[in-house]
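Colleague: Mind looking over this structure? Questions follow.
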Amino acid sequence: MLEIKNLHVEVEGKKILNGLNLTLKKGEVAAIMGPNGSGKSTLSYVIAGKEDYEITEGDILLNGESILEMEPNERAAAGLFLCFQYPLEIPGVATMTFLKAAMNAQRKARGEAELTPGEFMKAVRAAAEKLGINPDFLKRPLNVGFSGGEKKRMEILQMTLLNPAFAILDETDSGLDIDALRIVSEGVNAMRSADRGMLVITHYQRLLDHIVPDVVHVMAKGRIVKSGGPEIALELEKNGYADYIEAA
Ligand SMILES: Nc1ncnc2c1ncn2[C@@H]1O[C@H](COP(=O)(O)OP(=O)(O)OP(=O)(O)O)[C@@H](O)[C@H]1O
Ligand SMILES: [Mg+2]
């Protein structure tokens with residue numbers, strides 16, 4: 001459903017993605033592992049439509065149609081969702097207000113009616129409870145002063161509520177304590193479905209014990225250099241990236 005073809009991307013004249021090819025299928029959870037600086041976050045930003053990235057060659061297709069000309073909000077309405085590696089703090093915007101605006105904007109774009117305040121509260125409370133998020137948090141400005149792990153849980157809460165067709169999780173495991181890792185993984189696993197694709201970017205096999213991926217891709221120097229089953233993650237844990245970097 002999400003096809004990335006020969007993608008070349010530059011930032012400020014620096015080449016970061018180098019002819020990347022990747023097909024992510026509906027119903028599958030794919031994992032990307034790769035050394036620091038190999039371009040994993042860049043790939044997720046380019047898919048989400050963040051500006052500042054120059055696509056010099058290649059295409060990204062969602063269900064067969066190019067998304068390159070779409071604005072980030074149009075991509076979100078089409079069902080793309082990105083959990084940030086470093087979630088932004090937004091002072092002055094209460095988390096609740098933000099969640100409601102995000103949900104209603106998507107519903108509007110899909111031609112659905114806005115949620116009533118009652119429906120919204122019910123959905124948020126249920127999702128927050130499942131993820132072990134204290135409801136008092138939702139009154140605070142979005143992510144402001146939240147600990148690293150609390151921000152990551154908030155990302156998963158947003159994902160749960162927005163119910164995307166395709167979700168990308170960029171290092172959602174970093175900074176989580178052992179219990180939070182389990183809770184967040186359960187949140188992600190609960191979203192696995194035949195109609196949804198997911199891409200999990202991680203450095204650690206540990207996360208993949210909880211969220212067992214269907215496929216694992218190894219990224220090095222701006223392209224995918226190997227794809228296979230979960231056994232690749234185990235092998236990487238043992239041997240590191242040296243062979244892949246050399247091959248790339
Ligand atoms: N705005 C920018 N200006 C200059 N270089 C950039 C910019 N954004 C990204 N890069 C560079 O692009 C490369 C890829 O960065 P990216 O964040 O995609 O790596 P990553 O694979 O996500 O790494 P990590 O595992 O550390 O999160 C890095 O060398 C980074 O310094
Ligand atoms: Mg990154």
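Residues in the structure tokens are numbered from 1 in each chain, the chains being A, B, ... in the order shown, and ligands are numbered from 1 in the order shown.
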List every residue of chain A that has an atom at most 7 Å from any atom of ligand 1, giving for each one its closest atom pair and the distance in Å to one decimal, counting only C-alpha atoms and all ligand atoms, sorted by chain and then by ascending residue number, as a Markdown table.
Modeller:
| residue | atom | partner | partner_atom_place_in_ligand_line | distance |
| --- | --- | --- | --- | --- |
| A:Val11 | CA | ligand 1 | 2 (C) | 5.5 |
| A:Glu12 | CA | ligand 1 | 3 (N) | 6.0 |
| A:Lys14 | CA | ligand 1 | 5 (N) | 6.5 |
| A:Ile16 | CA | ligand 1 | 12 (O) | 5.2 |
| A:Gly34 | CA | ligand 1 | 21 (O) | 6.3 |
| A:Pro35 | CA | ligand 1 | 25 (O) | 5.6 |
| A:Asn36 | CA | ligand 1 | 25 (O) | 3.5 |
| A:Gly37 | CA | ligand 1 | 19 (O) | 3.4 |
| A:Ser38 | CA | ligand 1 | 21 (O) | 3.9 |
| A:Gly39 | CA | ligand 1 | 18 (O) | 3.1 |
| A:Lys40 | CA | ligand 1 | 21 (O) | 3.7 |
| A:Ser41 | CA | ligand 1 | 22 (O) | 3.6 |
| A:Thr42 | CA | ligand 1 | 18 (O) | 3.6 |
| A:Leu43 | CA | ligand 1 | 18 (O) | 6.4 |
Colleague: Those residues with all heavy atoms, as a JSON list (two decimals), in the first residue's frame please?
Modeller:
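Output (selection12.json):
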[["chain", "number", "residue", "atom", "x", "y", "z"],
["A", 11, "VAL", "N", 19.11, 17.41, 1.93],
["A", 11, "VAL", "CA", 18.83, 18.54, 2.82],
["A", 11, "VAL", "C", 20.00, 19.48, 2.73],
["A", 11, "VAL", "O", 21.15, 19.06, 2.94],
["A", 11, "VAL", "CB", 18.68, 18.09, 4.29],
["A", 11, "VAL", "CG1", 18.39, 19.28, 5.19],
["A", 11, "VAL", "CG2", 17.60, 17.07, 4.43],
["A", 12, "GLU", "N", 19.72, 20.71, 2.45],
["A", 12, "GLU", "CA", 20.77, 21.73, 2.34],
["A", 12, "GLU", "C", 21.96, 21.22, 1.53],
["A", 12, "GLU", "O", 23.12, 21.30, 1.95],
["A", 12, "GLU", "CB", 21.20, 22.19, 3.73],
["A", 12, "GLU", "CG", 20.12, 23.05, 4.37],
["A", 12, "GLU", "CD", 20.30, 23.24, 5.86],
["A", 12, "GLU", "OE1", 21.41, 23.02, 6.35],
["A", 12, "GLU", "OE2", 19.31, 23.59, 6.52],
["A", 14, "LYS", "N", 22.97, 18.33, 1.09],
["A", 14, "LYS", "CA", 23.57, 17.08, 1.54],
["A", 14, "LYS", "C", 22.65, 15.91, 1.18],
["A", 14, "LYS", "O", 21.47, 15.93, 1.50],
["A", 14, "LYS", "CB", 23.76, 17.15, 3.06],
["A", 14, "LYS", "CG", 24.51, 15.96, 3.60],
["A", 14, "LYS", "CD", 24.66, 16.05, 5.12],
["A", 14, "LYS", "CE", 25.24, 14.74, 5.63],
["A", 14, "LYS", "NZ", 24.81, 14.35, 6.94],
["A", 16, "ILE", "N", 20.92, 12.56, 1.55],
["A", 16, "ILE", "CA", 20.65, 11.71, 2.72],
["A", 16, "ILE", "C", 20.02, 10.39, 2.31],
["A", 16, "ILE", "O", 20.43, 9.33, 2.77],
["A", 16, "ILE", "CB", 19.75, 12.47, 3.73],
["A", 16, "ILE", "CG1", 20.50, 13.72, 4.21],
["A", 16, "ILE", "CG2", 19.43, 11.57, 4.92],
["A", 16, "ILE", "CD1", 19.72, 14.62, 5.08],
["A", 34, "GLY", "N", 18.84, 0.38, 11.60],
["A", 34, "GLY", "CA", 19.97, 0.92, 10.85],
["A", 34, "GLY", "C", 20.78, 1.83, 11.73],
["A", 34, "GLY", "O", 20.28, 2.37, 12.70],
["A", 35, "PRO", "N", 22.05, 2.03, 11.38],
["A", 35, "PRO", "CA", 22.94, 2.84, 12.20],
["A", 35, "PRO", "C", 22.46, 4.28, 12.34],
["A", 35, "PRO", "O", 21.67, 4.75, 11.50],
["A", 35, "PRO", "CB", 24.28, 2.81, 11.47],
["A", 35, "PRO", "CG", 24.12, 1.91, 10.31],
["A", 35, "PRO", "CD", 22.71, 1.49, 10.19],
["A", 36, "ASN", "N", 22.94, 4.98, 13.34],
["A", 36, "ASN", "CA", 22.66, 6.41, 13.52],
["A", 36, "ASN", "C", 23.06, 7.14, 12.24],
["A", 36, "ASN", "O", 24.10, 6.88, 11.67],
["A", 36, "ASN", "CB", 23.51, 7.00, 14.67],
["A", 36, "ASN", "CG", 23.11, 6.46, 16.02],
["A", 36, "ASN", "OD1", 23.97, 6.06, 16.81],
["A", 36, "ASN", "ND2", 21.84, 6.43, 16.32],
["A", 37, "GLY", "N", 22.17, 8.03, 11.82],
["A", 37, "GLY", "CA", 22.50, 8.86, 10.67],
["A", 37, "GLY", "C", 22.29, 8.19, 9.33],
["A", 37, "GLY", "O", 22.62, 8.75, 8.29],
["A", 38, "SER", "N", 21.70, 6.98, 9.32],
["A", 38, "SER", "CA", 21.51, 6.29, 8.03],
["A", 38, "SER", "C", 20.32, 6.85, 7.25],
["A", 38, "SER", "O", 20.15, 6.54, 6.08],
["A", 38, "SER", "CB", 21.37, 4.78, 8.24],
["A", 38, "SER", "OG", 20.35, 4.49, 9.17],
["A", 39, "GLY", "N", 19.49, 7.66, 7.91],
["A", 39, "GLY", "CA", 18.40, 8.32, 7.19],
["A", 39, "GLY", "C", 17.01, 7.83, 7.55],
["A", 39, "GLY", "O", 16.04, 8.15, 6.87],
["A", 40, "LYS", "N", 16.89, 7.12, 8.66],
["A", 40, "LYS", "CA", 15.59, 6.55, 9.05],
["A", 40, "LYS", "C", 14.56, 7.64, 9.36],
["A", 40, "LYS", "O", 13.43, 7.60, 8.87],
["A", 40, "LYS", "CB", 15.76, 5.61, 10.26],
["A", 40, "LYS", "CG", 16.76, 4.50, 10.02],
["A", 40, "LYS", "CD", 16.96, 3.61, 11.24],
["A", 40, "LYS", "CE", 17.47, 4.33, 12.47],
["A", 40, "LYS", "NZ", 18.82, 4.94, 12.31],
["A", 41, "SER", "N", 14.98, 8.59, 10.21],
["A", 41, "SER", "CA", 14.03, 9.68, 10.55],
["A", 41, "SER", "C", 13.74, 10.53, 9.32],
["A", 41, "SER", "O", 12.60, 10.96, 9.11],
["A", 41, "SER", "CB", 14.58, 10.56, 11.66],
["A", 41, "SER", "OG", 14.66, 9.82, 12.86],
["A", 42, "THR", "N", 14.76, 10.75, 8.51],
["A", 42, "THR", "CA", 14.55, 11.51, 7.27],
["A", 42, "THR", "C", 13.48, 10.84, 6.43],
["A", 42, "THR", "O", 12.57, 11.51, 5.91],
["A", 42, "THR", "CB", 15.88, 11.60, 6.49],
["A", 42, "THR", "OG1", 16.84, 12.25, 7.32],
["A", 42, "THR", "CG2", 15.71, 12.36, 5.19],
["A", 43, "LEU", "N", 13.55, 9.54, 6.30],
["A", 43, "LEU", "CA", 12.55, 8.81, 5.51],
["A", 43, "LEU", "C", 11.15, 9.05, 6.09],
["A", 43, "LEU", "O", 10.21, 9.35, 5.35],
["A", 43, "LEU", "CB", 12.87, 7.31, 5.51],
["A", 43, "LEU", "CG", 11.81, 6.42, 4.87],
["A", 43, "LEU", "CD1", 11.67, 6.72, 3.37],
["A", 43, "LEU", "CD2", 12.14, 4.94, 5.08]]
Colleague: Going by DSSP on the backbone, which bits of segment 120-241 of chain A are strand (DSSP E)? Write them as a list of chain:residue names, please.
Modeller: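 Here is the list: A:Pro141, A:Leu142, A:Phe166, A:Ala167, A:Ile168, A:Leu169, A:Asp170, A:Gly197, A:Met198, A:Leu199, A:Val200, A:Ile201, A:Val215, A:Val216, A:His217, A:Val218, A:Met219, A:Ala220, A:Arg223, A:Ile224, A:Val225, A:Lys226, A:Ser227, A:Gly228.
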Colleague: State, in Å with one decimal place, the distance from atom CA of Glu246 of chain A to atom CA of Met33 of chain A.
Modeller: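 One can read the atom CA of Glu246 of chain A to atom CA of Met33 of chain A distance as 15.8 Å.
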Colleague: Please identify which residues in segment 2-226 of chain A DSSP calls helix (DSSP H, G or I) from the backbone, and express them as a PyMOL selection string.
Modeller: chain A and resi 40-48+72-77+95-109+117-130+135-139+148-162+178-190+205-210
Colleague: Just want the 6 Å neighbourhood of segment 80-95 of chain A, counted on only C-alpha atoms, with same-chain residues fewer than 3 positions away dropped. Output as a list of chain:residue names.
Modeller: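 Near neighbours after the sequence-gap exclusion: A:Arg75, A:Ala76, A:Phe98, A:Leu138, A:Lys139, A:Arg140, A:Pro141, A:Leu142, A:Asn143, A:Val144, A:Glu155, A:Pro164, A:Phe166, A:Ala167, A:Ile168, A:Leu169, A:Asp170, A:Glu171.
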Colleague: Just how far from atom CA of Ser185 of chain A is atom CA of Ile211 of chain A, in Å to one decimal?
Modeller: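 Separation between atom CA of Ile211 of chain A and atom CA of Ser185 of chain A: 6.0 Å.
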Colleague: Leaving out segment 172-180 of chain A and any residue of its chain fewer than 6 positions from it, which residues lie within 12 Å of it when counting only C-alpha atoms, given as an mmCIF file with C-alpha atoms, in the first residue's frame?
Modeller:
data_model
loop_
_atom_site.group_PDB
_atom_site.id
_atom_site.type_symbol
_atom_site.label_atom_id
_atom_site.label_comp_id
_atom_site.auth_asym_id
_atom_site.auth_seq_id
_atom_site.Cartn_x
_atom_site.Cartn_y
_atom_site.Cartn_z
ATOM 1 C CA ALA A 31 10.595 -2.797 11.131
ATOM 2 C CA SER A 41 14.033 9.675 10.547
ATOM 3 C CA LEU A 82 3.936 9.643 12.191
ATOM 4 C CA CYS A 83 4.990 9.141 15.812
ATOM 5 C CA PHE A 84 7.962 11.462 16.200
ATOM 6 C CA GLN A 85 11.335 10.413 17.549
ATOM 7 C CA TYR A 86 11.366 13.723 19.413
ATOM 8 C CA PRO A 87 7.749 14.817 20.049
ATOM 9 C CA LYS A 130 -5.446 1.626 28.280
ATOM 10 C CA LEU A 131 -2.113 3.380 27.893
ATOM 11 C CA GLY A 132 -1.768 4.177 31.579
ATOM 12 C CA ILE A 133 -1.958 7.935 31.020
ATOM 13 C CA SER A 147 9.118 13.248 30.580
ATOM 14 C CA GLY A 148 10.549 11.418 27.567
ATOM 15 C CA GLY A 149 8.441 8.331 28.244
ATOM 16 C CA GLU A 150 5.298 10.376 28.848
ATOM 17 C CA LYS A 151 5.727 12.051 25.447
ATOM 18 C CA LYS A 152 6.033 8.675 23.765
ATOM 19 C CA ARG A 153 2.850 7.450 25.414
ATOM 20 C CA MET A 154 1.133 10.615 24.240
ATOM 21 C CA GLU A 155 2.186 9.826 20.666
ATOM 22 C CA ILE A 156 0.611 6.389 20.950
ATOM 23 C CA MET A 159 -2.224 7.258 17.044
ATOM 24 C CA GLU A 186 0.389 -3.495 23.704
ATOM 25 C CA GLY A 187 -1.074 -0.259 22.361
ATOM 26 C CA VAL A 188 0.674 -0.847 19.056
ATOM 27 C CA LEU A 199 6.423 0.787 10.135
ATOM 28 C CA VAL A 200 8.432 0.604 13.334
ATOM 29 C CA ILE A 201 11.860 2.232 13.395
ATOM 30 C CA THR A 202 13.996 0.960 16.224
ATOM 31 C CA HIS A 203 17.552 0.311 17.343
ATOM 32 C CA TYR A 204 16.761 -2.564 19.614
ATOM 33 C CA GLN A 205 15.681 -6.128 19.167
ATOM 34 C CA ARG A 206 14.041 -5.731 22.604
ATOM 35 C CA LEU A 207 11.089 -3.798 21.131
ATOM 36 C CA LEU A 208 10.638 -6.480 18.495
ATOM 37 C CA ASP A 209 10.160 -9.089 21.218
ATOM 38 C CA HIS A 210 6.985 -7.194 22.101
ATOM 39 C CA ILE A 211 5.956 -6.069 18.625
#
Colleague: So, counting only C-alpha atoms, which residue among A:Asn189, A:Asn239, A:Asn73, A:Gln158 is closest to Leu99 of chain A?
Modeller: A:Gln158
Colleague: Write out as a list of chain:residue names which residues come within 12 Å of Asn104 of chain A when counting only C-alpha atoms, dropping same-chain ones fewer than 6 positions away.
Modeller: A:Ala76, A:Ala77, A:Thr97, A:Phe98, A:Arg110, A:Gly111, A:Glu112, A:Ala113, A:Glu114, A:Leu115, A:Thr116, A:Pro117, A:Glu119, A:Phe120, A:Leu161, A:Leu162
Colleague: Residues near segment 228-235 of chain A, anyone? I mean within 7 Å using only C-alpha atoms, not counting same-chain ones fewer than 6 positions away, as a JSON list (two decimals) with all heavy atoms, in the first residue's frame.
Modeller:
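Dumped everything to part04.json:
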[["chain", "number", "residue", "atom", "x", "y", "z"],
["A", 205, "GLN", "N", 16.41, -4.88, 19.29],
["A", 205, "GLN", "CA", 15.68, -6.13, 19.17],
["A", 205, "GLN", "C", 14.61, -6.24, 20.26],
["A", 205, "GLN", "O", 13.51, -6.73, 20.02],
["A", 205, "GLN", "CB", 16.71, -7.27, 19.23],
["A", 205, "GLN", "CG", 16.24, -8.58, 19.80],
["A", 205, "GLN", "CD", 15.14, -9.18, 18.95],
["A", 205, "GLN", "OE1", 15.04, -8.91, 17.76],
["A", 205, "GLN", "NE2", 14.30, -9.99, 19.58],
["A", 213, "PRO", "N", 7.63, -8.16, 14.29],
["A", 213, "PRO", "CA", 7.36, -7.66, 12.94],
["A", 213, "PRO", "C", 7.20, -8.79, 11.93],
["A", 213, "PRO", "O", 7.71, -9.89, 12.13],
["A", 213, "PRO", "CB", 8.62, -6.85, 12.62],
["A", 213, "PRO", "CG", 9.70, -7.50, 13.41],
["A", 213, "PRO", "CD", 9.05, -8.09, 14.64],
["A", 214, "ASP", "N", 6.49, -8.50, 10.86],
["A", 214, "ASP", "CA", 6.37, -9.47, 9.77],
["A", 214, "ASP", "C", 7.64, -9.45, 8.91],
["A", 214, "ASP", "O", 8.07, -10.48, 8.42],
["A", 214, "ASP", "CB", 5.15, -9.14, 8.90],
["A", 214, "ASP", "CG", 3.87, -9.23, 9.71],
["A", 214, "ASP", "OD1", 3.53, -10.34, 10.13],
["A", 214, "ASP", "OD2", 3.22, -8.19, 9.93],
["A", 215, "VAL", "N", 8.18, -8.25, 8.73],
["A", 215, "VAL", "CA", 9.42, -8.11, 7.95],
["A", 215, "VAL", "C", 10.36, -7.13, 8.64],
["A", 215, "VAL", "O", 9.91, -6.20, 9.32],
["A", 215, "VAL", "CB", 9.18, -7.57, 6.51],
["A", 215, "VAL", "CG1", 8.83, -8.66, 5.56],
["A", 215, "VAL", "CG2", 8.15, -6.48, 6.50],
["A", 216, "VAL", "N", 11.63, -7.35, 8.44],
["A", 216, "VAL", "CA", 12.64, -6.43, 8.97],
["A", 216, "VAL", "C", 13.51, -5.95, 7.80],
["A", 216, "VAL", "O", 13.93, -6.75, 6.96],
["A", 216, "VAL", "CB", 13.54, -7.12, 10.02],
["A", 216, "VAL", "CG1", 14.66, -6.18, 10.48],
["A", 216, "VAL", "CG2", 12.71, -7.57, 11.21],
["A", 217, "HIS", "N", 13.69, -4.63, 7.73],
["A", 217, "HIS", "CA", 14.54, -4.05, 6.70],
["A", 217, "HIS", "C", 15.74, -3.40, 7.37],
["A", 217, "HIS", "O", 15.60, -2.77, 8.42],
["A", 217, "HIS", "CB", 13.79, -2.96, 5.91],
["A", 217, "HIS", "CG", 12.53, -3.45, 5.28],
["A", 217, "HIS", "ND1", 12.51, -4.17, 4.11],
["A", 217, "HIS", "CD2", 11.24, -3.33, 5.67],
["A", 217, "HIS", "CE1", 11.26, -4.46, 3.80],
["A", 217, "HIS", "NE2", 10.46, -3.96, 4.73]]
Colleague: Distance atom CA of Met1 of chain A-atom CA of Thr56 of chain A, one decimal place?
Modeller: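 So the answer is 22.5 Å.
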Colleague: Using only C-alpha atoms and all ligand atoms, find the one residue out of A:Ile32, A:Ile60, A:Ile55, A:Val124 that sits nearest to ligand 2.
Modeller: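 Nearest candidate to ligand 2 out of A:Ile32, A:Ile60, A:Ile55, A:Val124: A:Ile32.
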